[in-house]
>>> print(open('query-v6.cif').read())   # mmCIF, C-alpha atoms
data_my_file
loop_
_atom_site.label_atom_id
_atom_site.label_comp_id
_atom_site.auth_asym_id
_atom_site.auth_seq_id
_atom_site.Cartn_x
_atom_site.Cartn_y
_atom_site.Cartn_z
CA MET A 60 152.29 129.56 160.27
CA SER A 61 152.59 133.01 161.85
CA VAL A 62 149.25 134.80 161.70
CA ARG A 63 149.22 138.20 163.32
CA SER A 64 146.45 139.65 165.42
CA GLN A 65 146.44 142.79 167.54
CA SER A 66 147.48 140.86 170.66
CA SER A 67 150.73 139.65 169.07
CA LYS A 68 152.33 143.02 168.40
CA PRO A 69 156.03 142.97 167.53
CA SER A 70 158.24 143.90 170.49
CA GLU A 71 159.59 147.43 170.56
CA SER A 72 163.36 147.60 170.30
CA SER A 73 164.96 149.82 172.92
CA GLU A 74 167.30 151.42 170.40
CA ALA A 75 164.71 152.67 167.93
CA SER A 76 166.33 153.86 164.69
CA HIS A 77 164.45 155.51 161.83
CA ARG A 78 163.51 153.42 158.80
CA ALA A 79 162.29 154.47 155.36
CA GLY A 80 161.40 152.47 152.31
CA PHE A 81 158.92 151.28 149.73
CA ALA A 82 156.22 148.62 149.95
CA CYS A 83 153.83 147.65 147.21
CA PHE A 84 150.48 145.94 147.32
CA VAL A 85 149.82 143.37 144.62
CA GLY A 86 146.92 141.08 143.95
CA ARG A 87 144.15 140.31 141.55
CA PRO A 88 142.07 143.24 140.34
CA ASN A 89 139.62 144.38 143.04
CA ALA A 90 141.43 142.66 145.92
CA GLY A 91 141.24 145.80 148.09
CA LYS A 92 144.67 147.29 147.36
CA SER A 93 143.59 150.90 146.82
CA THR A 94 141.21 150.92 149.80
CA LEU A 95 144.06 149.61 151.99
CA THR A 96 146.46 152.28 150.66
CA ASN A 97 143.93 155.00 151.53
CA ALA A 98 143.33 153.52 155.01
CA LEU A 99 147.05 153.42 155.83
CA VAL A 100 147.70 156.96 154.57
CA GLY A 101 144.54 158.21 156.32
CA GLN A 102 143.37 160.12 153.23
CA LYS A 103 142.23 159.33 149.74
CA VAL A 104 145.23 159.01 147.42
CA ALA A 105 144.13 156.05 145.27
CA ILE A 106 140.83 155.78 143.43
CA THR A 107 138.57 152.97 144.53
CA ALA A 108 135.64 151.50 142.65
CA ASP A 109 133.67 148.28 142.70
CA GLN A 110 134.94 147.13 139.34
CA PRO A 111 138.34 145.53 138.77
CA GLN A 112 141.21 147.36 137.06
CA THR A 113 140.50 150.91 138.23
CA THR A 114 144.14 151.64 139.13
CA ARG A 115 146.32 152.48 136.15
CA HIS A 116 149.05 154.62 137.69
CA THR A 117 151.35 153.59 140.52
CA VAL A 118 150.11 155.91 143.26
CA ARG A 119 152.55 156.42 146.06
CA GLY A 120 150.83 156.95 149.38
CA ILE A 121 153.15 158.14 152.13
CA VAL A 122 152.69 157.02 155.74
CA HIS A 123 154.55 159.25 158.23
CA ARG A 124 155.43 157.79 161.65
CA GLU A 125 157.90 158.86 164.31
CA ASP A 126 160.00 155.75 163.76
CA ALA A 127 159.57 155.39 160.01
CA GLN A 128 158.35 156.61 156.66
CA LEU A 129 156.54 154.00 154.63
CA ILE A 130 155.97 154.76 150.95
CA LEU A 131 153.20 152.66 149.45
CA VAL A 132 153.30 151.94 145.76
CA ASP A 133 149.88 150.94 144.47
CA THR A 134 150.03 148.88 141.28
CA PRO A 135 147.36 147.81 138.81
CA GLY A 136 146.07 144.26 139.41
CA LEU A 137 148.20 141.65 137.65
CA HIS A 138 146.05 139.70 135.18
CA LYS A 139 146.22 137.73 131.92
CA PRO A 140 146.31 140.58 129.40
CA ARG A 141 143.90 140.81 126.47
CA THR A 142 144.94 144.22 125.09
CA LEU A 143 148.09 146.28 124.67
CA LEU A 144 146.92 148.36 127.67
CA GLY A 145 146.73 145.10 129.69
CA GLU A 146 150.30 144.17 128.72
CA ARG A 147 151.59 147.61 129.69
CA LEU A 148 149.81 147.45 133.06
CA ASN A 149 151.44 144.06 133.77
CA ASP A 150 154.88 145.47 132.85
CA ILE A 151 154.34 148.28 135.39
CA VAL A 152 153.61 145.67 138.09
CA ARG A 153 156.74 143.61 137.43
CA THR A 154 159.01 146.66 137.28
CA THR A 155 157.59 147.88 140.60
CA TRP A 156 158.13 144.50 142.31
CA ALA A 157 161.81 144.60 141.39
CA GLU A 158 162.33 147.96 143.10
CA VAL A 159 160.51 147.77 146.46
CA ASP A 160 161.63 146.64 149.93
CA VAL A 161 158.47 144.69 150.86
CA ILE A 162 155.68 143.11 148.80
CA GLY A 163 152.18 142.80 150.28
CA PHE A 164 150.00 140.25 148.47
CA CYS A 165 146.32 141.15 148.97
CA LEU A 166 143.90 138.21 149.03
CA PRO A 167 140.23 138.86 149.81
CA ALA A 168 138.86 136.83 152.73
CA ASN A 169 135.52 136.37 150.97
CA GLU A 170 136.87 134.68 147.81
CA LYS A 171 138.52 131.25 147.68
CA LEU A 172 142.02 131.18 146.18
CA GLY A 173 141.74 130.87 142.42
CA PRO A 174 143.95 130.51 139.33
CA GLY A 175 144.58 134.29 139.31
CA ASP A 176 146.02 134.15 142.84
CA ARG A 177 148.22 131.17 141.95
CA PHE A 178 149.43 132.98 138.83
CA ILE A 179 150.59 135.93 140.99
CA ALA A 180 152.01 133.73 143.79
CA LYS A 181 154.11 131.84 141.20
CA GLU A 182 155.53 135.14 139.96
CA LEU A 183 156.25 136.17 143.57
CA ALA A 184 158.07 132.89 144.23
CA SER A 185 160.63 133.87 141.57
CA ILE A 186 161.51 137.07 143.51
CA LYS A 187 163.83 135.56 146.10
CA LYS A 188 165.20 138.37 148.25
CA THR A 189 162.18 140.61 148.87
CA PRO A 190 160.10 139.77 152.00
CA LYS A 191 156.49 138.91 151.12
CA ILE A 192 153.53 139.55 153.44
CA ALA A 193 150.16 137.91 152.78
CA ILE A 194 147.42 140.43 153.57
CA VAL A 195 143.96 138.92 153.94
CA THR A 196 141.62 141.81 153.05
CA LYS A 197 137.87 142.37 153.50
CA THR A 198 137.73 140.35 156.76
CA ASP A 199 134.58 142.31 157.72
CA LEU A 200 132.70 140.27 155.07
CA VAL A 201 133.30 136.78 156.54
CA ASP A 202 132.86 134.79 159.75
CA SER A 203 135.80 133.45 161.79
CA LYS A 204 135.56 129.91 160.36
CA THR A 205 135.81 131.13 156.74
CA LEU A 206 138.71 133.41 157.71
CA ALA A 207 140.58 130.55 159.41
CA GLU A 208 140.18 128.36 156.30
CA GLN A 209 141.51 131.17 154.10
CA LEU A 210 144.56 131.70 156.36
CA ILE A 211 145.44 127.99 156.21
CA ALA A 212 145.00 127.91 152.41
CA ILE A 213 147.33 130.93 152.01
CA ASP A 214 149.98 129.41 154.28
CA GLN A 215 149.74 126.21 152.22
CA LEU A 216 150.08 128.13 148.93
CA GLY A 217 153.45 129.54 150.02
CA LYS A 218 154.68 126.08 151.03
CA GLU A 219 153.59 124.55 147.71
CA LEU A 220 155.59 127.15 145.81
CA GLY A 221 158.63 126.83 148.04
CA PHE A 222 158.66 130.12 149.95
CA GLU A 223 157.58 131.33 153.38
CA TRP A 224 155.44 134.40 154.05
CA ALA A 225 157.22 136.92 156.32
CA GLU A 226 153.77 137.48 157.90
CA ILE A 227 150.13 136.59 157.29
CA VAL A 228 147.89 139.46 158.42
CA PRO A 229 144.07 139.62 158.32
CA VAL A 230 142.80 143.21 157.91
CA SER A 231 139.66 145.18 157.17
CA ALA A 232 140.43 148.58 155.66
CA VAL A 233 136.73 149.50 155.68
CA ALA A 234 136.28 148.68 159.40
CA GLY A 235 139.81 149.94 160.24
CA LYS A 236 140.75 146.56 161.77
CA GLN A 237 144.47 145.73 162.10
CA VAL A 238 145.49 148.44 159.61
CA ASP A 239 147.93 149.96 162.14
CA LEU A 240 149.24 146.50 162.98
CA LEU A 241 150.01 145.93 159.28
CA ALA A 242 152.14 149.11 159.27
CA ASP A 243 153.87 147.91 162.49
CA LEU A 244 154.81 144.65 160.75
CA ILE A 245 156.03 146.25 157.50
CA VAL A 246 158.26 148.87 159.19
CA PRO A 247 160.93 146.45 160.62
CA LEU A 248 161.38 145.05 157.08
CA LEU A 249 162.38 148.48 155.69
CA PRO A 250 166.01 149.65 155.48
CA GLU A 251 167.30 152.09 158.08
CA GLY A 252 167.57 155.66 156.87
CA PRO A 253 166.16 159.19 156.96
CA ALA A 254 162.74 160.19 155.60
CA LEU A 255 162.59 160.33 151.79
CA TYR A 256 159.68 162.81 151.53
CA PRO A 257 158.90 166.01 153.49
CA GLU A 258 156.58 165.74 156.51
CA GLY A 259 153.01 166.39 155.39
CA ASP A 260 153.38 165.00 151.85
CA LEU A 261 150.83 162.22 151.31
CA THR A 262 151.62 161.33 147.70
CA ASP A 263 154.10 162.28 144.96
CA GLU A 264 151.43 161.90 142.28
CA PRO A 265 151.15 165.11 140.18
CA GLU A 266 147.94 167.03 140.99
CA GLN A 267 146.70 166.84 137.38
CA VAL A 268 146.94 163.04 137.40
CA MET A 269 145.06 162.83 140.72
CA ILE A 270 142.34 165.16 139.42
CA ALA A 271 141.97 163.07 136.24
CA GLU A 272 141.65 159.95 138.41
CA LEU A 273 138.93 161.53 140.57
CA ILE A 274 136.95 162.45 137.44
CA ARG A 275 137.40 158.92 136.07
CA GLU A 276 136.23 157.40 139.35
CA ALA A 277 133.04 159.52 139.22
CA ALA A 278 132.52 158.69 135.53
CA LEU A 279 132.81 154.94 136.19
CA GLU A 280 130.16 154.97 138.91
CA GLY A 281 126.99 153.29 137.71
CA VAL A 282 128.33 152.26 134.27
CA ARG A 283 130.88 149.66 135.30
CA ASP A 284 129.23 146.85 133.34
CA GLU A 285 129.08 148.81 130.09
CA LEU A 286 132.40 150.66 130.17
CA PRO A 287 134.79 149.28 132.80
CA HIS A 288 138.06 149.95 130.90
CA SER A 289 136.91 152.23 128.09
CA ILE A 290 137.21 155.49 130.02
CA ALA A 291 140.36 157.63 130.19
CA VAL A 292 140.52 161.20 131.47
CA VAL A 293 143.07 163.88 130.56
CA VAL A 294 143.20 167.27 132.31
CA GLU A 295 144.06 169.69 129.48
CA GLU A 296 144.65 172.77 131.62
CA MET A 297 144.35 174.20 135.14
CA LEU A 298 144.42 177.99 135.44
CA PRO A 299 143.52 180.44 138.22
CA ARG A 300 140.57 182.59 137.04
CA GLU A 301 141.85 186.07 136.18
CA GLY A 302 140.55 189.16 137.91
CA ARG A 303 139.39 187.37 141.08
CA PRO A 304 140.09 189.00 144.49
CA ALA A 305 142.84 187.19 146.44
CA GLU A 306 140.40 186.05 149.14
CA LYS A 307 138.01 184.56 146.54
CA PRO A 308 140.16 182.49 144.17
CA LEU A 309 138.68 180.18 141.54
CA LEU A 310 140.55 177.50 139.61
CA ASP A 311 139.37 176.70 136.08
CA ILE A 312 139.93 173.03 135.17
CA HIS A 313 139.30 171.83 131.61
CA ALA A 314 139.24 168.06 131.14
CA PHE A 315 138.36 165.53 128.43
CA VAL A 316 136.69 162.19 129.15
CA TYR A 317 137.81 159.79 126.40
CA ILE A 318 135.83 156.73 125.36
CA GLU A 319 136.44 154.18 122.59
CA ARG A 320 133.25 154.23 120.52
CA PRO A 321 130.63 156.82 119.53
CA SER A 322 127.88 154.56 120.97
CA GLN A 323 129.42 155.00 124.44
CA LYS A 324 129.02 158.78 124.33
CA GLY A 325 125.34 158.63 125.21
CA ILE A 326 126.03 156.36 128.21
CA ILE A 327 128.49 158.84 129.70
CA ILE A 328 126.47 161.99 128.93
CA GLY A 329 123.09 160.45 129.91
CA PRO A 330 119.58 161.72 129.09
CA LYS A 331 119.64 165.52 128.65
CA GLY A 332 123.27 165.55 129.86
CA GLN A 333 122.23 164.61 133.41
CA ARG A 334 124.86 161.90 133.92
CA LEU A 335 127.79 164.05 132.88
CA LYS A 336 126.43 166.82 135.11
CA GLN A 337 126.43 164.41 138.11
CA VAL A 338 129.98 163.30 137.25
CA GLY A 339 131.01 166.97 137.31
CA ILE A 340 129.29 167.70 140.64
CA LYS A 341 130.70 164.61 142.37
CA SER A 342 134.28 164.97 141.11
CA ARG A 343 134.32 168.75 141.69
CA LYS A 344 133.61 168.23 145.42
CA GLN A 345 136.49 165.74 145.68
CA ILE A 346 138.86 167.98 143.69
CA GLU A 347 138.02 170.98 145.91
CA ALA A 348 138.72 168.85 149.01
CA LEU A 349 142.04 167.73 147.48
CA LEU A 350 143.20 171.23 146.45
CA GLY A 351 141.51 173.28 149.19
CA THR A 352 140.22 175.85 146.71
CA PRO A 353 136.93 176.45 144.79
CA VAL A 354 136.96 174.94 141.30
CA PHE A 355 135.08 175.50 138.04
CA LEU A 356 135.16 172.15 136.21
CA ASP A 357 134.60 172.06 132.45
CA LEU A 358 134.10 168.48 131.14
CA HIS A 359 133.87 167.33 127.52
CA VAL A 360 133.45 163.81 126.15
CA LYS A 361 135.58 162.72 123.17
CA VAL A 362 135.86 159.50 121.18
CA ALA A 363 139.39 158.04 120.81
CA LYS A 364 138.69 154.98 118.67
CA ASP A 365 139.93 151.68 120.24
CA TRP A 366 142.52 153.56 122.30
CA GLN A 367 143.35 150.52 124.46
CA ARG A 368 144.86 148.76 121.41
CA ASP A 369 146.59 151.73 119.77
CA PRO A 370 150.17 152.48 120.94
CA ARG A 371 150.00 156.12 119.73
CA GLN A 372 146.77 156.83 121.59
CA LEU A 373 147.99 155.01 124.72
CA ARG A 374 151.00 157.36 124.80
CA LYS A 375 148.76 160.40 124.35
CA LEU A 376 146.55 159.26 127.23
CA GLY A 377 149.55 158.75 129.51
CA PHE A 378 150.19 154.99 129.35
#
>>> encode(input="query-v6.cif", output="structure tokens")
Amino acid sequence: MSVRSQSSKPSESSEASHRAGFACFVGRPNAGKSTLTNALVGQKVAITADQPQTTRHTVRGIVHREDAQLILVDTPGLHKPRTLLGERLNDIVRTTWAEVDVIGFCLPANEKLGPGDRFIAKELASIKKTPKIAIVTKTDLVDSKTLAEQLIAIDQLGKELGFEWAEIVPVSAVAGKQVDLLADLIVPLLPEGPALYPEGDLTDEPEQVMIAELIREAALEGVRDELPHSIAVVVEEMLPREGRPAEKPLLDIHAFVYIERPSQKGIIIGPKGQRLKQVGIKSRKQIEALLGTPVFLDLHVKVAKDWQRDPRQLRKLGF
């Protein structure tokens, strides 16, 4: 079993050629995939929240290095689907796996391997050619004994299913431990070639989608038990405010927060509209940081009845 720590860095080849390619992180919902993507890119490109299933779009984070460009595809967590939305999310995962150069399987250090992990590992075993790295996330939450047991269990899981991990790497995205090492280990597995995105690009996600995700992240905070999957956000329009002097621009953003039932409206809006106001304040700060310009954010809450089960509504909401 090859477990990597900072002391066992791969050797530098004397003839360094440039590599570029795609890697995706898979794993159960809430296994730390988005947090890891953000840590590797060095900036927030994927939304993170404490509840599972926050990622619905494949966000590509782009890591620029002198020797390589690593494009990270962040997928929703693979899970046993209960709705049409769930089935579509799983289809996105499988399509992504078929197209990347490296697959990183995220397994939290603080949770024993369960049926969900085995379900994913079995699917991975059927993908023969693509190198698979086991990434043990959230190592800051456990002691060394628990971590060692988890590493052995993961090594064993690969053997049981008849494949070998290219690497097993313990990381903590929150504490910044071994994140650079993970990039060092993925790069040699990428094909040789020139950069695929311009220097400075951190994601190819359209701005409107990223803004909608930031609003959704803020809306989910504090109501995860009541509404974990019932919230969708659509940015209807983004327009520069007319008649503003060039040195004082203002961007007007109009967005709808969709929920499934009228009873959920009160939860999102809160007493005297206070909750929705906080959602606006929090997401506006993040949007301004993302765009580098002052923003006026206009939020409205709408009911889209049972949208997770309705193909027409799913299309309208971008799924």
>>> closest_residue(input="query-v6.cif", among="A:Lys341, A:Glu306, A:Val360, A:Ala234", to="A:Gly329", atoms="only C-alpha atoms")
A:Val360
>>> resolve_selection(input="query-v6.cif", expression="the PyMOL selection byres ((chain A and resi 298) around 9)", output="list in words")
Glu296, Met297, Pro299, Arg300, Glu301, Leu309, Leu310, Asp311, Ile312 and His313 of chain A
>>> resolve_selection(input="query-v6.cif", expression="the PyMOL selection byres ((chain A and resi 362) around 6)", output="ChimeraX atom specification")
/A:317-320,361,363-364
>>> write_last_selection(input="query-v6.cif", atoms="C-alpha atoms", output="short mmCIF file (atom, residue, chain, number, x, y, z; two decimals), in the coordinates of the input")
data_model
loop_
_atom_site.label_atom_id
_atom_site.label_comp_id
_atom_site.auth_asym_id
_atom_site.auth_seq_id
_atom_site.Cartn_x
_atom_site.Cartn_y
_atom_site.Cartn_z
CA TYR A 317 137.81 159.79 126.40
CA ILE A 318 135.83 156.73 125.36
CA GLU A 319 136.44 154.18 122.59
CA ARG A 320 133.25 154.23 120.52
CA LYS A 361 135.58 162.72 123.17
CA ALA A 363 139.39 158.04 120.81
CA LYS A 364 138.69 154.98 118.67
#
>>> atom_distance(input="query-v6.cif", atom1="atom CA of A:Ala225", atom2="atom CA of A:Arg177")
17.9 Å
>>> closest_residue(input="query-v6.cif", among="A:Lys204, A:Gly302, A:Leu166, A:Glu223", to="A:Lys187", atoms="all atoms listed in the file")
A:Glu223
>>> residues_around(input="query-v6.cif", residues="A:Trp224", least_positions_apart="3", cutoff="9 Å", atoms="all atoms listed in the file", output="JSON, numbers by chain")
{"A": [60, 61, 190, 191, 192, 193, 214, 217, 218, 227]}
>>> resolve_selection(input="query-v6.cif", expression="the PyMOL selection byres ((chain A and resi 367) around 7)", output="MDAnalysis selection string")
chainID A and resid 142:144 365:366 368:369 373
>>> closest_residue(input="query-v6.cif", among="A:Leu350, A:Leu183, A:Val85, A:Leu99", to="A:Met269", atoms="only C-alpha atoms")
A:Leu350
>>> atom_distance(input="query-v6.cif", atom1="atom CA of A:Val62", atom2="atom CA of A:Gly120")
25.4 Å
>>> closest_residue(input="query-v6.cif", among="A:Ile213, A:Val354, A:Ile290, A:Ile274", to="A:Lys336", atoms="all atoms listed in the file")
A:Ile274
